[in-house]
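Engineer: Provided herewith: target-v9.cif, mmCIF, C-alpha atoms and all ligand atoms.
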data_entry
#
loop_
_atom_site.label_atom_id
_atom_site.label_comp_id
_atom_site.auth_asym_id
_atom_site.auth_seq_id
_atom_site.Cartn_x
_atom_site.Cartn_y
_atom_site.Cartn_z
CA MET A 1 0.00 0.00 0.00
CA SER A 2 1.24 3.50 -0.93
CA THR A 3 2.04 5.94 1.87
CA THR A 4 0.71 8.80 -0.29
CA ARG A 5 -3.06 9.18 -0.64
CA GLY A 6 -4.16 9.39 -4.27
CA ARG A 7 -6.12 12.32 -5.68
CA PHE A 8 -9.89 12.56 -5.96
CA ILE A 9 -11.29 14.46 -8.97
CA THR A 10 -15.01 14.97 -9.58
CA PHE A 11 -16.94 16.27 -12.60
CA GLU A 12 -20.19 18.18 -12.13
CA GLY A 13 -22.66 20.10 -14.27
CA GLY A 14 -26.06 19.87 -15.92
CA GLU A 15 -27.40 17.48 -18.52
CA GLY A 16 -25.32 17.01 -21.68
CA ALA A 17 -22.47 19.19 -20.40
CA GLY A 18 -19.89 16.65 -21.61
CA LYS A 19 -18.92 15.09 -18.27
CA SER A 20 -18.72 11.47 -19.47
CA THR A 21 -16.73 12.54 -22.55
CA GLN A 22 -14.25 14.51 -20.45
CA VAL A 23 -13.92 11.79 -17.78
CA ARG A 24 -12.74 9.42 -20.54
CA LYS A 25 -10.25 11.97 -21.91
CA LEU A 26 -8.82 12.85 -18.50
CA VAL A 27 -8.45 9.21 -17.44
CA ALA A 28 -6.57 8.46 -20.69
CA ALA A 29 -4.28 11.49 -20.17
CA LEU A 30 -3.47 10.52 -16.56
CA GLN A 31 -2.85 6.88 -17.50
CA ALA A 32 -0.56 8.03 -20.33
CA ARG A 33 1.56 9.68 -17.61
CA GLY A 34 1.79 6.35 -15.82
CA ILE A 35 -0.63 7.33 -13.04
CA GLU A 36 -2.97 4.56 -11.86
CA THR A 37 -6.42 6.07 -12.44
CA VAL A 38 -9.86 4.68 -11.67
CA ALA A 39 -12.89 6.00 -13.58
CA THR A 40 -16.22 5.83 -11.82
CA ARG A 41 -19.63 7.51 -11.64
CA GLU A 42 -22.54 8.41 -9.40
CA PRO A 43 -25.09 7.27 -8.73
CA GLY A 44 -23.32 3.93 -9.03
CA GLY A 45 -19.70 2.83 -9.09
CA SER A 46 -20.17 -0.31 -6.95
CA PRO A 47 -22.63 -3.20 -7.48
CA ASN A 48 -24.97 -2.12 -4.65
CA ALA A 49 -24.87 1.53 -5.73
CA GLU A 50 -25.56 0.55 -9.36
CA ALA A 51 -28.70 -1.27 -8.18
CA LEU A 52 -29.85 1.91 -6.41
CA ARG A 53 -29.01 3.91 -9.59
CA GLU A 54 -31.54 1.90 -11.56
CA ALA A 55 -34.30 2.68 -9.06
CA LEU A 56 -33.37 6.38 -8.86
CA LEU A 57 -33.18 6.99 -12.61
CA ALA A 58 -36.36 5.02 -13.22
CA GLY A 59 -38.09 7.53 -10.92
CA LEU A 60 -39.08 4.92 -8.31
CA VAL A 61 -37.88 7.08 -5.40
CA ALA A 62 -39.16 10.44 -6.74
CA PRO A 63 -42.71 10.06 -5.31
CA LEU A 64 -41.15 9.96 -1.81
CA GLY A 65 -39.88 13.54 -2.25
CA PRO A 66 -36.46 15.24 -2.43
CA ALA A 67 -35.43 14.38 1.15
CA ALA A 68 -35.93 10.65 0.51
CA GLU A 69 -34.17 10.92 -2.86
CA ALA A 70 -31.21 12.66 -1.19
CA LEU A 71 -31.05 9.83 1.37
CA VAL A 72 -31.02 7.13 -1.33
CA PHE A 73 -28.34 8.95 -3.38
CA SER A 74 -26.36 9.16 -0.12
CA ALA A 75 -26.86 5.46 0.66
CA ALA A 76 -25.43 4.65 -2.78
CA ARG A 77 -22.54 7.05 -2.08
CA ILE A 78 -21.68 5.35 1.24
CA ASP A 79 -21.25 2.00 -0.53
CA HIS A 80 -19.34 3.57 -3.44
CA LEU A 81 -16.93 5.32 -1.06
CA ASP A 82 -16.39 2.19 1.06
CA LYS A 83 -16.01 -0.31 -1.77
CA LEU A 84 -14.22 1.68 -4.45
CA ILE A 85 -13.19 5.28 -3.79
CA ARG A 86 -11.45 5.03 -0.39
CA PRO A 87 -9.54 1.80 -1.19
CA ALA A 88 -8.29 3.29 -4.49
CA LEU A 89 -7.17 6.54 -2.82
CA ALA A 90 -5.50 4.55 -0.03
CA ARG A 91 -3.32 2.65 -2.51
CA GLY A 92 -2.28 5.96 -4.12
CA ALA A 93 -4.50 5.88 -7.23
CA PHE A 94 -6.28 8.84 -8.78
CA VAL A 95 -10.07 8.51 -8.80
CA VAL A 96 -12.06 10.40 -11.46
CA CYS A 97 -15.77 10.42 -10.69
CA ASP A 98 -18.64 11.51 -12.99
CA ARG A 99 -20.84 13.41 -10.45
CA PHE A 100 -20.53 13.25 -6.65
CA ALA A 101 -21.96 15.01 -3.58
CA ASP A 102 -22.31 18.43 -5.29
CA SER A 103 -25.00 16.83 -7.46
CA THR A 104 -27.04 16.03 -4.34
CA ARG A 105 -26.66 19.65 -3.20
CA ALA A 106 -27.70 20.97 -6.62
CA TYR A 107 -30.40 18.49 -7.66
CA GLN A 108 -32.03 17.54 -4.36
CA GLY A 109 -30.89 20.54 -2.30
CA ALA A 110 -31.32 23.84 -4.11
CA SER A 111 -33.68 22.55 -6.78
CA GLY A 112 -35.64 20.38 -4.36
CA LYS A 113 -35.71 23.23 -1.83
CA LEU A 114 -34.16 21.22 1.02
CA ALA A 115 -32.57 23.19 3.86
CA ASP A 116 -28.81 23.70 3.62
CA SER A 117 -28.48 22.22 7.13
CA PHE A 118 -30.07 18.95 5.91
CA ILE A 119 -27.65 18.68 2.97
CA ASP A 120 -24.67 19.73 5.13
CA GLY A 121 -25.50 17.04 7.71
CA LEU A 122 -25.96 14.38 5.07
CA GLU A 123 -22.66 15.28 3.39
CA ALA A 124 -20.82 15.21 6.73
CA ILE A 125 -22.15 11.71 7.47
CA THR A 126 -21.60 10.21 4.00
CA VAL A 127 -18.49 11.95 2.66
CA GLY A 128 -16.73 12.94 5.89
CA ASP A 129 -13.15 13.91 5.08
CA THR A 130 -13.13 12.18 1.67
CA GLN A 131 -13.79 15.49 -0.08
CA PRO A 132 -12.67 15.86 -3.70
CA ASP A 133 -9.27 17.50 -4.21
CA LEU A 134 -10.54 19.06 -7.43
CA THR A 135 -14.05 19.53 -8.83
CA LEU A 136 -14.44 20.47 -12.50
CA ILE A 137 -17.80 22.14 -13.11
CA LEU A 138 -18.71 22.00 -16.80
CA ASP A 139 -20.93 25.01 -17.46
CA LEU A 140 -23.09 25.69 -20.49
CA PRO A 141 -26.50 27.23 -21.26
CA VAL A 142 -29.35 24.90 -20.30
CA GLU A 143 -30.86 24.80 -23.80
CA GLU A 144 -27.55 23.68 -25.30
CA GLY A 145 -27.07 20.91 -22.74
CA LEU A 146 -30.62 19.60 -23.14
CA ALA A 147 -30.26 19.67 -26.94
CA ARG A 148 -27.04 17.64 -26.73
CA ALA A 149 -28.63 15.12 -24.34
CA SER A 150 -31.68 14.79 -26.58
CA LYS A 151 -29.56 14.32 -29.72
CA ARG A 152 -27.48 11.62 -28.03
CA ARG A 153 -30.62 9.84 -26.79
CA GLY A 154 -32.12 9.70 -30.30
CA GLY A 155 -35.70 8.47 -29.94
CA GLY A 156 -35.02 6.92 -26.47
CA GLU A 157 -36.98 7.77 -23.33
CA VAL A 158 -35.97 10.62 -21.01
CA ASP A 159 -34.97 9.65 -17.46
CA ARG A 160 -36.39 11.04 -14.21
CA PHE A 161 -34.19 14.18 -14.23
CA GLU A 162 -34.14 14.93 -17.95
CA ALA A 163 -37.93 15.04 -17.71
CA GLU A 164 -37.83 18.10 -15.37
CA ASP A 165 -38.79 21.48 -16.89
CA VAL A 166 -36.38 24.17 -18.10
CA SER A 167 -36.72 26.26 -14.91
CA PHE A 168 -35.46 23.26 -12.87
CA HIS A 169 -32.41 23.01 -15.14
CA ARG A 170 -31.79 26.78 -14.88
CA ALA A 171 -31.88 26.54 -11.06
CA LEU A 172 -29.43 23.64 -11.28
CA ARG A 173 -26.96 25.66 -13.33
CA GLN A 174 -27.09 28.46 -10.76
CA SER A 175 -26.61 25.94 -7.92
CA PHE A 176 -23.43 24.58 -9.48
CA LEU A 177 -22.07 28.10 -10.05
CA ALA A 178 -22.87 28.97 -6.42
CA ILE A 179 -21.00 25.86 -5.22
CA ALA A 180 -17.99 26.91 -7.33
CA ALA A 181 -18.09 30.44 -5.87
CA ALA A 182 -18.31 29.08 -2.31
CA HIS A 183 -15.38 26.66 -2.77
CA PRO A 184 -12.77 28.28 -5.05
CA GLU A 185 -9.99 26.19 -3.45
CA ARG A 186 -11.64 23.02 -4.78
CA CYS A 187 -13.69 24.03 -7.83
CA VAL A 188 -12.83 25.19 -11.35
CA VAL A 189 -15.60 26.27 -13.76
CA ILE A 190 -14.94 25.20 -17.35
CA ASP A 191 -16.74 26.73 -20.35
CA ALA A 192 -18.33 23.60 -21.81
CA THR A 193 -19.64 25.32 -24.96
CA GLN A 194 -16.17 25.05 -26.53
CA PRO A 195 -15.10 22.16 -28.80
CA MET A 196 -14.30 18.94 -26.92
CA ASP A 197 -10.52 19.19 -27.29
CA ILE A 198 -10.44 22.79 -26.06
CA VAL A 199 -12.53 21.76 -23.02
CA ALA A 200 -10.12 18.86 -22.42
CA ALA A 201 -7.11 21.22 -22.62
CA GLY A 202 -8.67 23.55 -20.00
CA ILE A 203 -9.31 20.57 -17.73
CA TRP A 204 -5.75 19.31 -18.14
CA ARG A 205 -4.39 22.77 -17.26
CA ALA A 206 -6.44 22.77 -14.05
CA VAL A 207 -5.27 19.25 -13.13
CA GLU A 208 -1.63 20.12 -13.76
CA GLN A 209 -1.75 23.38 -11.82
CA ARG A 210 -3.86 22.21 -8.92
CA LEU A 211 -2.73 18.60 -8.46
CA LEU A 212 0.28 17.43 -10.45
CA GLU A 213 2.62 20.36 -9.82
CA ARG A 214 1.72 20.32 -6.12
CA THR A 215 2.12 16.53 -5.89
CA GLN A 216 5.59 16.69 -7.46
CA ALA A 217 6.71 19.75 -5.45
N1 LIG B 1 -28.22 12.91 -9.61
C1 LIG B 1 -28.89 13.48 -8.55
O1 LIG B 1 -30.02 13.95 -8.72
N2 LIG B 1 -28.29 13.52 -7.33
C2 LIG B 1 -27.07 12.99 -7.10
O2 LIG B 1 -26.57 13.04 -5.96
C3 LIG B 1 -26.37 12.41 -8.22
C4 LIG B 1 -26.98 12.37 -9.46
C5 LIG B 1 -25.01 11.82 -8.03
C6 LIG B 1 -27.52 10.74 -13.43
O3 LIG B 1 -27.72 10.70 -14.78
C7 LIG B 1 -28.64 11.61 -12.90
O4 LIG B 1 -28.68 11.54 -11.47
C8 LIG B 1 -28.37 13.05 -13.24
C9 LIG B 1 -28.35 13.79 -11.92
C10 LIG B 1 -28.88 12.84 -10.93
N3 LIG B 1 -29.40 13.60 -14.01
N4 LIG B 1 -29.81 13.27 -15.10
N5 LIG B 1 -30.28 13.00 -16.08
P1 LIG B 1 -26.67 10.20 -15.83
O5 LIG B 1 -25.41 9.75 -15.19
O6 LIG B 1 -27.40 9.21 -16.70
O7 LIG B 1 -26.52 11.48 -16.74
P2 LIG B 1 -25.76 12.86 -16.53
O8 LIG B 1 -24.81 12.78 -15.42
O9 LIG B 1 -26.76 13.95 -16.49
O10 LIG B 1 -24.90 13.01 -17.82
P3 LIG B 1 -25.37 13.09 -19.31
O11 LIG B 1 -26.67 13.80 -19.51
O12 LIG B 1 -25.27 11.68 -19.78
O13 LIG B 1 -24.35 14.04 -19.98
P4 LIG B 1 -22.79 14.26 -19.86
O14 LIG B 1 -22.10 13.05 -19.32
O15 LIG B 1 -22.54 15.52 -19.15
O16 LIG B 1 -22.37 14.46 -21.37
P5 LIG B 1 -21.76 13.45 -22.48
O17 LIG B 1 -22.48 12.13 -22.43
O18 LIG B 1 -20.31 13.44 -22.35
O19 LIG B 1 -22.11 14.28 -23.78
C11 LIG B 1 -23.46 14.44 -24.19
C12 LIG B 1 -23.49 14.58 -25.75
O20 LIG B 1 -22.85 15.81 -26.11
C13 LIG B 1 -22.73 13.46 -26.47
O21 LIG B 1 -23.37 13.18 -27.66
C14 LIG B 1 -21.35 14.09 -26.73
O22 LIG B 1 -20.73 13.55 -27.86
C15 LIG B 1 -21.72 15.55 -26.94
N6 LIG B 1 -20.66 16.48 -26.50
C16 LIG B 1 -19.86 16.36 -25.41
N7 LIG B 1 -18.99 17.40 -25.33
C17 LIG B 1 -19.28 18.21 -26.38
C18 LIG B 1 -18.74 19.44 -26.85
N8 LIG B 1 -17.73 20.06 -26.19
N9 LIG B 1 -19.28 20.00 -27.94
C19 LIG B 1 -20.30 19.40 -28.61
N10 LIG B 1 -20.85 18.21 -28.24
C20 LIG B 1 -20.35 17.63 -27.13
#
How does the structure come out when it is put into structure tokens?
Ligand code: Z5A
Structural biologist:
Amino acid sequence: MSTTRGRFITFEGGEGAGKSTQVRKLVAALQARGIETVATREPGGSPNAEALREALLAGLVAPLGPAAEALVFSAARIDHLDKLIRPALARGAFVVCDRFADSTRAYQGASGKLADSFIDGLEAITVGDTQPDLTLILDLPVEEGLARASKRRGGGEVDRFEAEDVSFHRALRQSFLAIAAAHPERCVVIDATQPMDIVAAGIWRAVEQRLLERTQA
């Protein structure tokens, strides 16, 4: 086991912002530098959490309200942290995660109108001191993100969150920007309207400046 904890990087943002695309690119770039890197996602990332993902995205928990949804996302997160994220960080690997606790704050918190104290308490219990070292918030106008998501889906069905109205998605965008403003030491906002390779270059700059140069110093 490594004596140096690995680094924990999360991607956040609205629908169709390009998170999955950029997770793949960043993981490939880190691995090309010889860094052990684990790609994962939320909800999900461990077998139990993936089972909860299916129920959440099918909308089975939605009728119970945003507090119950936040609890189920958090239950999935507890298993994901225990089974995958903490062991990988402990052996010195980088973990790159598509969505994490900021999504609970944005989707169930601000947009679901839950009290900050509820979300703060939940985050303290589930995440504890396993906070991300770097959070990349991919920002783009709501209409553009929804259009990308719809194009990618083709004729397929929308999931529980894609089905929300435009005002929900606008509130989400503001929530993510507010999180970035409140945590500048952890968060970097990336303009996700740019071509994929330009977005990837901005992300790589942030990773180099915030993590790699400091790790090597
Ligand atoms: N959720 C929650 O409510 N609470 C929580 O605590 C957590 C999650 C953890 C998970 O859905 C849902 O769970 C999510 C929030 C909620 N809401 N929804 N829906 P998911 O994992 O299935 O989906 P997502 O996270 O929203 O991601 P996405 O919609 O699949 O999009 P994306 O990963 O950000 O984008 P992408 O797949 O990389 O790209 C989308 C398309 O755009 C694709 O065709 C790309 O080729 C294209 N693309 C990507 N980048 C570009 C650029 N730069 N230019 C042009 N086109 C691009």
Engineer: Kindly give the distance, in Å, that separates CA of Ala93 (chain A) and CA of Thr40 (chain A), rounded to a single decimal.
Structural biologist: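 According to the coordinates, CA of Ala93 (chain A) and CA of Thr40 (chain A) are separated by 12.6 Å.
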Engineer: What is the CA of Thr10 (chain A)-atom O3 of ligand LIG 1 (chain B) distance in Å, reported with one decimal?
Structural biologist: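 Those two atoms sit 14.4 Å apart.
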Engineer: Please determine, counting all atoms listed in the file, which residue among A:Leu177, A:Cys187, A:Leu52, A:Ala28 has the shortest atom-to-atom distance to ligand LIG 1 (chain B).
Structural biologist: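 Of A:Leu177, A:Cys187, A:Leu52, A:Ala28, the one nearest ligand LIG 1 (chain B) is A:Leu52, counting all atoms listed in the file.
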Engineer: If I take CA of Pro87 (chain A) and CA of Val38 (chain A), how far is one from the other in Å, to one decimal?
Structural biologist: 10.9 Å
Engineer: Pick out the closest residue to Arg205 (chain A) from this set: A:Val72, A:Asp116, A:Glu164, A:Ala29. Count all atoms listed in the file.
Structural biologist: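 Looking at the shortest contact to Arg205 (chain A), the residue is A:Ala29.
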Engineer: Just the residues within 10 Å of region 137-147 of chain A, please, counting only C-alpha atoms, with nothing from its chain fewer than 2 positions along; format it as a CSV table (one decimal) with C-alpha atoms, keeping the file's coordinate frame.
Structural biologist:
chain,number,residue,atom,x,y,z
A,10,THR,CA,-15.0,15.0,-9.6
A,11,PHE,CA,-16.9,16.3,-12.6
A,12,GLU,CA,-20.2,18.2,-12.1
A,13,GLY,CA,-22.7,20.1,-14.3
A,14,GLY,CA,-26.1,19.9,-15.9
A,15,GLU,CA,-27.4,17.5,-18.5
A,16,GLY,CA,-25.3,17.0,-21.7
A,17,ALA,CA,-22.5,19.2,-20.4
A,18,GLY,CA,-19.9,16.6,-21.6
A,19,LYS,CA,-18.9,15.1,-18.3
A,22,GLN,CA,-14.2,14.5,-20.4
A,99,ARG,CA,-20.8,13.4,-10.4
A,102,ASP,CA,-22.3,18.4,-5.3
A,134,LEU,CA,-10.5,19.1,-7.4
A,135,THR,CA,-14.0,19.5,-8.8
A,149,ALA,CA,-28.6,15.1,-24.3
A,150,SER,CA,-31.7,14.8,-26.6
A,151,LYS,CA,-29.6,14.3,-29.7
A,152,ARG,CA,-27.5,11.6,-28.0
A,153,ARG,CA,-30.6,9.8,-26.8
A,162,GLU,CA,-34.1,14.9,-18.0
A,166,VAL,CA,-36.4,24.2,-18.1
A,167,SER,CA,-36.7,26.3,-14.9
A,168,PHE,CA,-35.5,23.3,-12.9
A,169,HIS,CA,-32.4,23.0,-15.1
A,170,ARG,CA,-31.8,26.8,-14.9
A,171,ALA,CA,-31.9,26.5,-11.1
A,172,LEU,CA,-29.4,23.6,-11.3
A,173,ARG,CA,-27.0,25.7,-13.3
A,174,GLN,CA,-27.1,28.5,-10.8
A,176,PHE,CA,-23.4,24.6,-9.5
A,177,LEU,CA,-22.1,28.1,-10.0
A,179,ILE,CA,-21.0,25.9,-5.2
A,180,ALA,CA,-18.0,26.9,-7.3
A,187,CYS,CA,-13.7,24.0,-7.8
A,188,VAL,CA,-12.8,25.2,-11.4
A,189,VAL,CA,-15.6,26.3,-13.8
A,190,ILE,CA,-14.9,25.2,-17.4
A,191,ASP,CA,-16.7,26.7,-20.4
A,192,ALA,CA,-18.3,23.6,-21.8
A,193,THR,CA,-19.6,25.3,-25.0
A,194,GLN,CA,-16.2,25.0,-26.5
A,199,VAL,CA,-12.5,21.8,-23.0
A,203,ILE,CA,-9.3,20.6,-17.7
Engineer: So which one's closest to Ala200 (chain A), A:Ser175, A:Thr104, A:Thr4, A:Thr21? Using only C-alpha atoms, please.
Structural biologist: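 That would be A:Thr21, the residue with the smallest distance to Ala200 (chain A).
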Engineer: Using all atoms listed in the file for the distances, tell me which of A:Leu30, A:Leu57, A:Val96, A:Leu211 is nearest to ligand LIG 1 (chain B).
Structural biologist: A:Leu57
Engineer: Here is a test: counting all atoms listed in the file, which residue of A:Ala75, A:Leu212, A:Met196, A:Val127 is nearest to Val23 (chain A)?
Structural biologist: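 So, comparing all the options, the nearest one is A:Met196.
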Engineer: Go through A:Trp204, A:Phe73, A:Phe94, A:Phe118 and flag the residue nearest ligand LIG 1 (chain B), using only C-alpha atoms and all ligand atoms for the distances.
Structural biologist: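 For ligand LIG 1 (chain B), the nearest of the candidates is A:Phe73.
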Engineer: Please list as a PDB file with C-alpha atoms, in the coordinates of the input every residue within 12 Å of Leu60 (chain A), counting only C-alpha atoms and excluding residues in the same chain fewer than 5 positions away.
Structural biologist:
ATOM      1  CA  LEU A  52     -29.850   1.910  -6.410  1.00  0.00           C
ATOM      2  CA  ARG A  53     -29.010   3.910  -9.590  1.00  0.00           C
ATOM      3  CA  GLU A  54     -31.540   1.900 -11.560  1.00  0.00           C
ATOM      4  CA  ALA A  55     -34.300   2.680  -9.060  1.00  0.00           C
ATOM      5  CA  GLY A  65     -39.880  13.540  -2.250  1.00  0.00           C
ATOM      6  CA  ALA A  68     -35.930  10.650   0.510  1.00  0.00           C
ATOM      7  CA  GLU A  69     -34.170  10.920  -2.860  1.00  0.00           C
ATOM      8  CA  VAL A  72     -31.020   7.130  -1.330  1.00  0.00           C
ATOM      9  CA  ASP A 159     -34.970   9.650 -17.460  1.00  0.00           C
ATOM     10  CA  ARG A 160     -36.390  11.040 -14.210  1.00  0.00           C
TER      11      ARG A 160
END
Engineer: Show me, as a PyMOL selection string, the residues that have an atom within 10 Å of His80 (chain A) when counting all atoms listed in the file, minus same-chain residues fewer than 2 positions from it.
Structural biologist: chain A and resi 40-50+74-78+82-86
Engineer: Please put the answer as AutoDock Vina command-line options: centre and edge lengths, in Å with one decimal, of a box along x, y and z that encloses all listed atoms of region 151-160 of chain A plus 4 Å on each side.
Structural biologist:
--center_x -32.2 --center_y 10.6 --center_z -22.3 --size_x 17.5 --size_y 15.4 --size_z 24.1
